[in-house]
$ cat model_1.csv   # CSV, C-alpha atoms
chain,number,residue,atom,x,y,z
C,1363,MET,CA,24.3,-27.6,-24.0
C,1364,ALA,CA,25.4,-24.1,-23.3
C,1365,ASN,CA,25.5,-21.8,-20.3
C,1366,THR,CA,23.0,-18.9,-20.3
C,1367,GLN,CA,23.7,-15.5,-18.7
C,1368,ALA,CA,20.9,-14.8,-16.3
C,1369,MET,CA,20.0,-13.3,-12.9
C,1370,SER,CA,19.2,-16.1,-10.6
C,1371,THR,CA,15.5,-16.0,-9.8
C,1372,SER,CA,16.1,-17.3,-6.4
C,1373,PHE,CA,18.4,-14.3,-5.8
C,1374,MET,CA,15.4,-11.9,-6.3
C,1375,GLY,CA,13.3,-13.9,-3.9
C,1376,LYS,CA,16.1,-13.9,-1.3
C,1377,LEU,CA,16.4,-10.1,-1.6
C,1378,MET,CA,12.9,-10.0,-0.3
C,1379,THR,CA,13.8,-12.0,2.7
C,1380,GLY,CA,17.1,-10.3,3.5
C,1381,THR,CA,19.6,-13.1,2.6
C,1382,HIS,CA,22.0,-11.0,0.4
C,1383,ASN,CA,23.9,-7.9,1.4
C,1384,PHE,CA,26.4,-6.2,-0.9
C,1385,GLY,CA,27.0,-3.2,1.3
C,1386,THR,CA,26.5,-1.9,4.8
C,1387,GLY,CA,23.3,-3.5,6.0
C,1388,VAL,CA,21.4,-3.7,9.2
C,1389,ALA,CA,21.9,-6.1,12.1
C,1390,ARG,CA,18.7,-8.1,12.3
C,1391,ALA,CA,17.5,-9.1,15.7
C,1392,THR,CA,15.4,-11.9,14.4
C,1393,THR,CA,14.7,-13.8,11.3
C,1394,ALA,CA,11.0,-12.8,11.5
C,1395,ALA,CA,9.5,-10.6,8.8
C,1396,ASP,CA,9.7,-6.9,9.4
C,1397,THR,CA,6.6,-4.8,10.2
C,1398,PHE,CA,5.3,-2.6,7.4
C,1399,TYR,CA,3.0,0.4,7.6
C,1400,ALA,CA,0.8,2.1,5.0
C,1401,ALA,CA,0.5,5.9,5.1
C,1402,LEU,CA,-2.0,7.8,3.0
C,1403,LEU,CA,-0.6,10.7,0.8
C,1404,LEU,CA,-2.3,13.9,-0.1
C,1405,ALA,CA,-3.2,14.4,-3.8
C,1406,SER,CA,-1.1,17.6,-3.7
C,1407,GLY,CA,2.0,15.6,-2.8
C,1408,THR,CA,5.0,14.9,-5.1
C,1409,PHE,CA,6.0,11.5,-3.8
C,1410,ASN,CA,7.7,9.2,-6.4
C,1411,ALA,CA,10.6,6.8,-6.9
C,1412,SER,CA,13.0,9.3,-5.2
C,1413,SER,CA,11.0,9.2,-1.9
C,1414,SER,CA,13.3,7.1,0.2
C,1415,ASN,CA,11.7,7.3,3.6
C,1416,TYR,CA,8.6,7.9,5.6
C,1417,THR,CA,9.8,11.0,7.4
C,1418,GLY,CA,7.2,11.3,10.2
C,1419,THR,CA,7.0,9.7,13.6
C,1420,ILE,CA,4.6,6.8,13.9
C,1421,GLY,CA,1.8,7.7,16.2
C,1422,SER,CA,2.7,11.3,16.8
C,1423,VAL,CA,4.0,13.4,13.9
C,1424,THR,CA,2.7,13.2,10.3
C,1425,MET,CA,5.1,13.4,7.4
C,1426,SER,CA,4.8,16.4,5.1
C,1427,GLY,CA,2.4,15.5,2.4
C,1428,GLU,CA,0.6,12.8,4.5
C,1429,VAL,CA,-3.1,13.1,5.3
C,1430,SER,CA,-4.4,14.1,8.7
C,1431,GLY,CA,-7.8,14.1,10.2
C,1432,THR,CA,-10.1,12.7,12.8
C,1433,GLY,CA,-9.4,9.1,13.5
C,1434,TYR,CA,-6.2,9.0,11.4
C,1435,THR,CA,-3.0,8.2,13.3
C,1436,ALA,CA,0.3,9.7,12.0
C,1437,GLY,CA,2.1,7.0,10.1
C,1438,GLY,CA,-1.1,5.3,9.0
C,1439,VAL,CA,-1.8,1.7,9.9
C,1440,ALA,CA,0.3,-1.4,10.3
C,1441,ILE,CA,-0.2,-4.0,7.6
C,1442,THR,CA,-1.5,-6.9,9.4
C,1443,GLY,CA,-2.2,-10.6,8.8
C,1444,SER,CA,-0.7,-14.0,9.5
C,1445,PRO,CA,1.7,-13.4,7.8
C,1446,ALA,CA,1.3,-9.6,6.9
C,1447,PHE,CA,2.8,-10.3,3.5
C,1448,VAL,CA,2.4,-13.6,1.7
C,1449,ALA,CA,5.7,-15.5,1.8
C,1450,PRO,CA,7.7,-14.2,-1.2
C,1451,THR,CA,7.7,-16.6,-4.1
C,1452,ALA,CA,10.3,-16.8,-6.8
C,1453,THR,CA,9.3,-18.4,-10.1
C,1454,ASN,CA,11.2,-19.0,-13.3
C,1455,SER,CA,9.5,-18.2,-16.6
C,1456,SER,CA,12.3,-19.1,-18.9
C,1457,VAL,CA,16.1,-19.8,-18.9
C,1458,THR,CA,16.7,-16.1,-18.6
C,1459,ALA,CA,13.6,-14.7,-16.8
C,1460,GLY,CA,11.8,-15.0,-13.6
C,1461,VAL,CA,9.9,-13.1,-11.0
C,1462,ALA,CA,9.8,-12.8,-7.3
C,1463,PHE,CA,6.7,-11.4,-5.7
C,1464,THR,CA,4.7,-10.8,-2.6
C,1465,THR,CA,1.4,-9.0,-1.6
C,1466,PRO,CA,-0.1,-8.1,1.7
C,1467,SER,CA,-2.3,-10.9,3.0
C,1468,ASN,CA,-5.2,-8.6,4.0
C,1469,SER,CA,-6.8,-5.4,2.9
C,1470,ILE,CA,-5.5,-2.2,4.5
C,1471,THR,CA,-8.3,-0.4,6.3
C,1472,TYR,CA,-8.7,3.0,7.9
C,1473,THR,CA,-11.7,2.8,10.1
C,1474,SER,CA,-13.9,5.7,11.4
C,1475,VAL,CA,-11.9,8.5,9.8
C,1476,THR,CA,-12.6,11.9,8.4
C,1477,LEU,CA,-10.0,12.9,5.7
C,1478,ALA,CA,-11.3,16.1,4.2
C,1479,THR,CA,-8.3,16.9,2.0
C,1480,ALA,CA,-8.1,14.8,-1.1
C,1481,PHE,CA,-5.6,11.9,-1.1
C,1482,ASP,CA,-4.6,9.7,-4.0
C,1483,ALA,CA,-1.7,7.4,-2.9
C,1484,VAL,CA,-0.4,5.1,-0.2
C,1485,MET,CA,3.2,4.7,0.9
C,1486,ILE,CA,4.3,1.4,2.2
C,1487,TYR,CA,7.3,1.5,4.5
C,1488,ASN,CA,9.3,-0.5,6.9
C,1489,SER,CA,8.9,0.4,10.6
C,1490,THR,CA,11.2,-2.3,11.9
C,1491,GLN,CA,14.4,-1.2,10.0
C,1492,GLY,CA,14.1,2.5,10.6
C,1493,SER,CA,13.5,5.1,13.3
C,1494,ALA,CA,11.5,8.2,13.8
C,1495,GLY,CA,12.0,10.5,10.8
C,1496,ALA,CA,13.6,7.9,8.6
C,1497,TYR,CA,11.6,4.7,8.1
C,1498,PRO,CA,12.7,3.2,4.7
C,1499,ALA,CA,10.1,3.3,2.0
C,1500,VAL,CA,9.1,0.3,-0.1
C,1501,SER,CA,6.7,1.6,-2.6
C,1502,ILE,CA,4.0,4.2,-3.5
C,1503,HIS,CA,0.8,3.1,-5.1
C,1504,THR,CA,-1.7,5.6,-6.6
C,1505,PHE,CA,-5.4,5.5,-7.1
C,1506,GLY,CA,-8.2,8.0,-7.9
C,1507,SER,CA,-8.5,11.0,-5.6
C,1508,GLN,CA,-10.6,10.3,-2.5
C,1509,THR,CA,-12.0,12.0,0.6
C,1510,ILE,CA,-13.6,10.3,3.6
C,1511,THR,CA,-16.3,11.7,5.9
C,1512,ALA,CA,-17.0,9.8,9.1
C,1513,GLY,CA,-16.4,6.6,7.2
C,1514,THR,CA,-14.0,3.9,6.3
C,1515,PHE,CA,-11.3,3.7,3.6
C,1516,THR,CA,-10.4,0.3,2.4
C,1517,LEU,CA,-7.5,-0.7,0.1
C,1518,THR,CA,-7.9,-4.2,-1.3
C,1519,MET,CA,-4.7,-5.8,-2.7
C,1520,PRO,CA,-4.3,-7.3,-6.1
C,1521,SER,CA,-4.0,-11.0,-6.4
C,1522,ASN,CA,-0.6,-12.5,-5.4
C,1523,THR,CA,0.5,-13.7,-8.8
C,1524,THR,CA,3.5,-13.3,-11.0
C,1525,THR,CA,1.8,-10.6,-13.0
C,1526,THR,CA,-0.3,-8.8,-10.4
C,1527,ALA,CA,1.3,-9.1,-7.0
C,1528,LEU,CA,1.8,-5.7,-5.3
C,1529,ILE,CA,5.6,-5.9,-5.2
C,1530,ARG,CA,7.5,-7.7,-7.9
C,1531,LEU,CA,11.1,-8.1,-8.9
C,1532,ALA,CA,11.5,-9.4,-12.4
C,1533,THR,CA,13.8,-10.3,-15.2
C,1534,THR,CA,12.7,-10.6,-18.7
B,1373,MET,CA,-33.5,-0.3,10.4
B,1374,ALA,CA,-29.9,0.3,9.2
B,1375,LEU,CA,-27.7,2.8,11.1
B,1376,VAL,CA,-25.1,4.9,9.4
B,1377,THR,CA,-22.2,6.5,11.2
B,1378,THR,CA,-22.3,10.2,10.3
B,1379,THR,CA,-20.7,13.5,11.4
B,1380,LYS,CA,-23.8,13.9,13.5
B,1381,GLY,CA,-23.6,10.5,15.1
B,1382,GLU,CA,-25.4,7.3,14.3
B,1383,MET,CA,-28.4,8.0,12.1
B,1384,ASP,CA,-31.2,5.9,10.5
B,1385,GLU,CA,-30.4,5.3,6.9
B,1386,SER,CA,-33.9,6.1,5.9
B,1387,LEU,CA,-33.4,9.7,7.0
B,1388,LEU,CA,-30.5,10.2,4.6
B,1389,GLU,CA,-30.1,10.6,0.9
B,1390,LYS,CA,-27.7,7.9,-0.4
B,1391,LYS,CA,-25.4,8.4,-3.4
B,1392,GLU,CA,-23.1,5.7,-4.8
B,1393,GLY,CA,-20.6,5.6,-7.5
B,1394,SER,CA,-17.8,3.5,-9.0
B,1395,VAL,CA,-14.7,3.8,-11.1
B,1396,ASP,CA,-13.1,0.9,-13.0
B,1397,ASN,CA,-9.9,1.3,-15.0
B,1398,ASP,CA,-6.6,-0.5,-15.5
B,1399,ASN,CA,-5.3,0.7,-12.2
B,1400,GLU,CA,-8.2,0.2,-9.8
B,1401,SER,CA,-11.8,-0.8,-9.2
B,1402,THR,CA,-13.3,1.7,-6.8
B,1403,THR,CA,-16.7,2.1,-5.2
B,1404,TRP,CA,-17.9,4.8,-2.9
B,1405,VAL,CA,-21.0,5.6,-0.9
B,1406,GLU,CA,-22.1,9.0,0.4
B,1407,TYR,CA,-25.0,9.9,2.7
B,1408,TRP,CA,-26.4,13.4,2.7
B,1409,LEU,CA,-28.6,15.2,5.2
B,1410,ASP,CA,-30.4,18.4,4.0
B,1411,GLY,CA,-27.7,19.1,1.4
B,1412,GLU,CA,-24.8,18.3,3.8
B,1413,LEU,CA,-22.4,15.4,3.3
B,1414,VAL,CA,-22.4,13.5,6.6
B,1415,HIS,CA,-20.8,10.2,5.6
B,1416,ARG,CA,-18.5,9.1,2.8
B,1417,SER,CA,-16.7,5.8,2.6
B,1418,ALA,CA,-14.6,4.4,-0.3
B,1419,HIS,CA,-13.2,1.0,-1.3
B,1420,VAL,CA,-10.3,0.8,-3.7
B,1421,GLN,CA,-9.3,-2.5,-5.2
B,1422,LEU,CA,-5.8,-2.1,-6.6
B,1423,LYS,CA,-5.1,-3.9,-9.8
B,1424,GLN,CA,-1.5,-3.0,-10.7
B,1425,SER,CA,1.7,-3.7,-8.9
B,1426,VAL,CA,5.0,-1.9,-9.0
B,1427,MET,CA,7.8,-3.9,-10.6
B,1428,LEU,CA,11.5,-3.6,-10.4
B,1429,SER,CA,13.3,-5.2,-13.3
B,1430,ALA,CA,16.7,-6.8,-12.8
B,1431,GLU,CA,19.4,-7.7,-15.2
B,1432,ALA,CA,22.7,-9.6,-15.1
B,1433,ALA,CA,25.2,-7.6,-17.0
B,1434,SER,CA,27.4,-9.1,-19.7
B,1435,PHE,CA,31.2,-9.0,-19.7
B,1436,ASN,CA,31.4,-8.4,-23.4

$ encode --input "model_1.csv" --output "structure tokens"
Amino acid sequence: MANTQAMSTSFMGKLMTGTHNFGTGVARATTAADTFYAALLLASGTFNASSSNYTGTIGSVTMSGEVSGTGYTAGGVAITGSPAFVAPTATNSSVTAGVAFTTPSNSITYTSVTLATAFDAVMIYNSTQGSAGAYPAVSIHTFGSQTITAGTFTLTMPSNTTTTALIRLATT
Amino acid sequence: MALVTTTKGEMDESLLEKKEGSVDNDNESTTWVEYWLDGELVHRSAHVQLKQSVMLSAEAASFN
């Protein structure tokens, strides 16, 4: 028998549910999951891993680089479902590796919108642990450039598995 | 009779020219539908099925 250096897979899962805090964190008012939004990003934008926040104001002021148009509300739409994200799962794949993962339960839909300027990405961000101008970003997901005319834009999520879940923390 | 929401209000689908398309690659599977009236785009919807996730890799550092 021997010990094996490894990151605890459960640690990664508990990062997703706010158990660990190595620095100055936030005072949580509840143990319930946070609320997350999905904002559409213009194809001309330059959002990437350094994009830390959604910098607009939900419901009133769009962020620079966010789409705008008839039927679209600044900040995008709330990710909904019961729960909005599938409960995070942490799974070991070997003595040194594992993955924690989660995916929105439902598709994200923008109904009856006209978005004339091309967009090609969505930013997922946390509306609970932030405030106007600084809602912390989670991720940016790209796709082929689109416009919408008096129609509906739907983003369907990948399967919630260790290899395809929308958000994964992993060790190899 | 199928009605389509357009920039000109609800219209009978039979009055419109319908165009459809799709894209399938490693990142997404996308379909779109357009309706045209006399050369003018009056409706466009799209459905993107994301296939890929974003992954953060973690590592426990060694002391030696």

$ interface_residues --input "model_1.csv" --of "chain B" --to "chain C" --cutoff "8 Å" --atoms "all atoms listed in the file" --output "mmCIF file with C-alpha atoms, keeping the file's coordinate frame"
data_model
loop_
_atom_site.group_PDB
_atom_site.id
_atom_site.type_symbol
_atom_site.label_atom_id
_atom_site.label_comp_id
_atom_site.auth_asym_id
_atom_site.auth_seq_id
_atom_site.Cartn_x
_atom_site.Cartn_y
_atom_site.Cartn_z
ATOM 1 C CA THR B 1377 -22.200 6.500 11.200
ATOM 2 C CA THR B 1378 -22.300 10.200 10.300
ATOM 3 C CA THR B 1379 -20.700 13.500 11.400
ATOM 4 C CA ASN B 1399 -5.300 0.700 -12.200
ATOM 5 C CA GLU B 1400 -8.200 0.200 -9.800
ATOM 6 C CA LEU B 1413 -22.400 15.400 3.300
ATOM 7 C CA VAL B 1414 -22.400 13.500 6.600
ATOM 8 C CA HIS B 1415 -20.800 10.200 5.600
ATOM 9 C CA ARG B 1416 -18.500 9.100 2.800
ATOM 10 C CA SER B 1417 -16.700 5.800 2.600
ATOM 11 C CA ALA B 1418 -14.600 4.400 -0.300
ATOM 12 C CA HIS B 1419 -13.200 1.000 -1.300
ATOM 13 C CA VAL B 1420 -10.300 0.800 -3.700
ATOM 14 C CA GLN B 1421 -9.300 -2.500 -5.200
ATOM 15 C CA LEU B 1422 -5.800 -2.100 -6.600
ATOM 16 C CA LYS B 1423 -5.100 -3.900 -9.800
ATOM 17 C CA GLN B 1424 -1.500 -3.000 -10.700
ATOM 18 C CA SER B 1425 1.700 -3.700 -8.900
ATOM 19 C CA VAL B 1426 5.000 -1.900 -9.000
ATOM 20 C CA MET B 1427 7.800 -3.900 -10.600
ATOM 21 C CA LEU B 1428 11.500 -3.600 -10.400
ATOM 22 C CA SER B 1429 13.300 -5.200 -13.300
ATOM 23 C CA ALA B 1430 16.700 -6.800 -12.800
ATOM 24 C CA GLU B 1431 19.400 -7.700 -15.200
ATOM 25 C CA ALA B 1432 22.700 -9.600 -15.100
ATOM 26 C CA SER B 1434 27.400 -9.100 -19.700
#

$ atom_distance --input "model_1.csv" --atom1 "CA of Ala1499 in chain C" --atom2 "CA of Ala1446 in chain C"
16.4 Å

$ atom_distance --input "model_1.csv" --atom1 "CA of Ala1401 in chain C" --atom2 "CA of Asp1398 in chain B"
22.7 Å

$ residues_around --input "model_1.csv" --residues "Leu1375 in chain B" --least-positions-apart "6" --cutoff "12 Å" --atoms "only C-alpha atoms" --output "MDAnalysis selection string"
chainID B and resid 1381:1388 1407 1415

$ residues_around --input "model_1.csv" --residues "Tyr1497 in chain C" --least-positions-apart "6" --cutoff "7 Å" --atoms "all atoms listed in the file" --output "ChimeraX atom specification"
/C:1415-1417,1487-1489,1491

$ residues_near_point --input "model_1.csv" --point "(-3.2, 16.4, -3.9)" --cutoff "7 Å" --atoms "all atoms listed in the file" --output "PyMOL selection string"
chain C and resi 1404-1407+1480-1482

$ atom_distance --input "model_1.csv" --atom1 "CA of Val1429 in chain C" --atom2 "CA of Glu1412 in chain B"
22.4 Å

$ closest_residue --input "model_1.csv" --among "B:Ala1374, B:Ser1394, B:Glu1389, B:Phe1435" --to "Asp1410 in chain B" --atoms "only C-alpha atoms"
B:Glu1389

$ closest_residue --input "model_1.csv" --among "C:Ala1391, C:Val1448, C:Ala1400, C:Ala1436" --to "Ile1420 in chain C" --atoms "only C-alpha atoms"
C:Ala1436
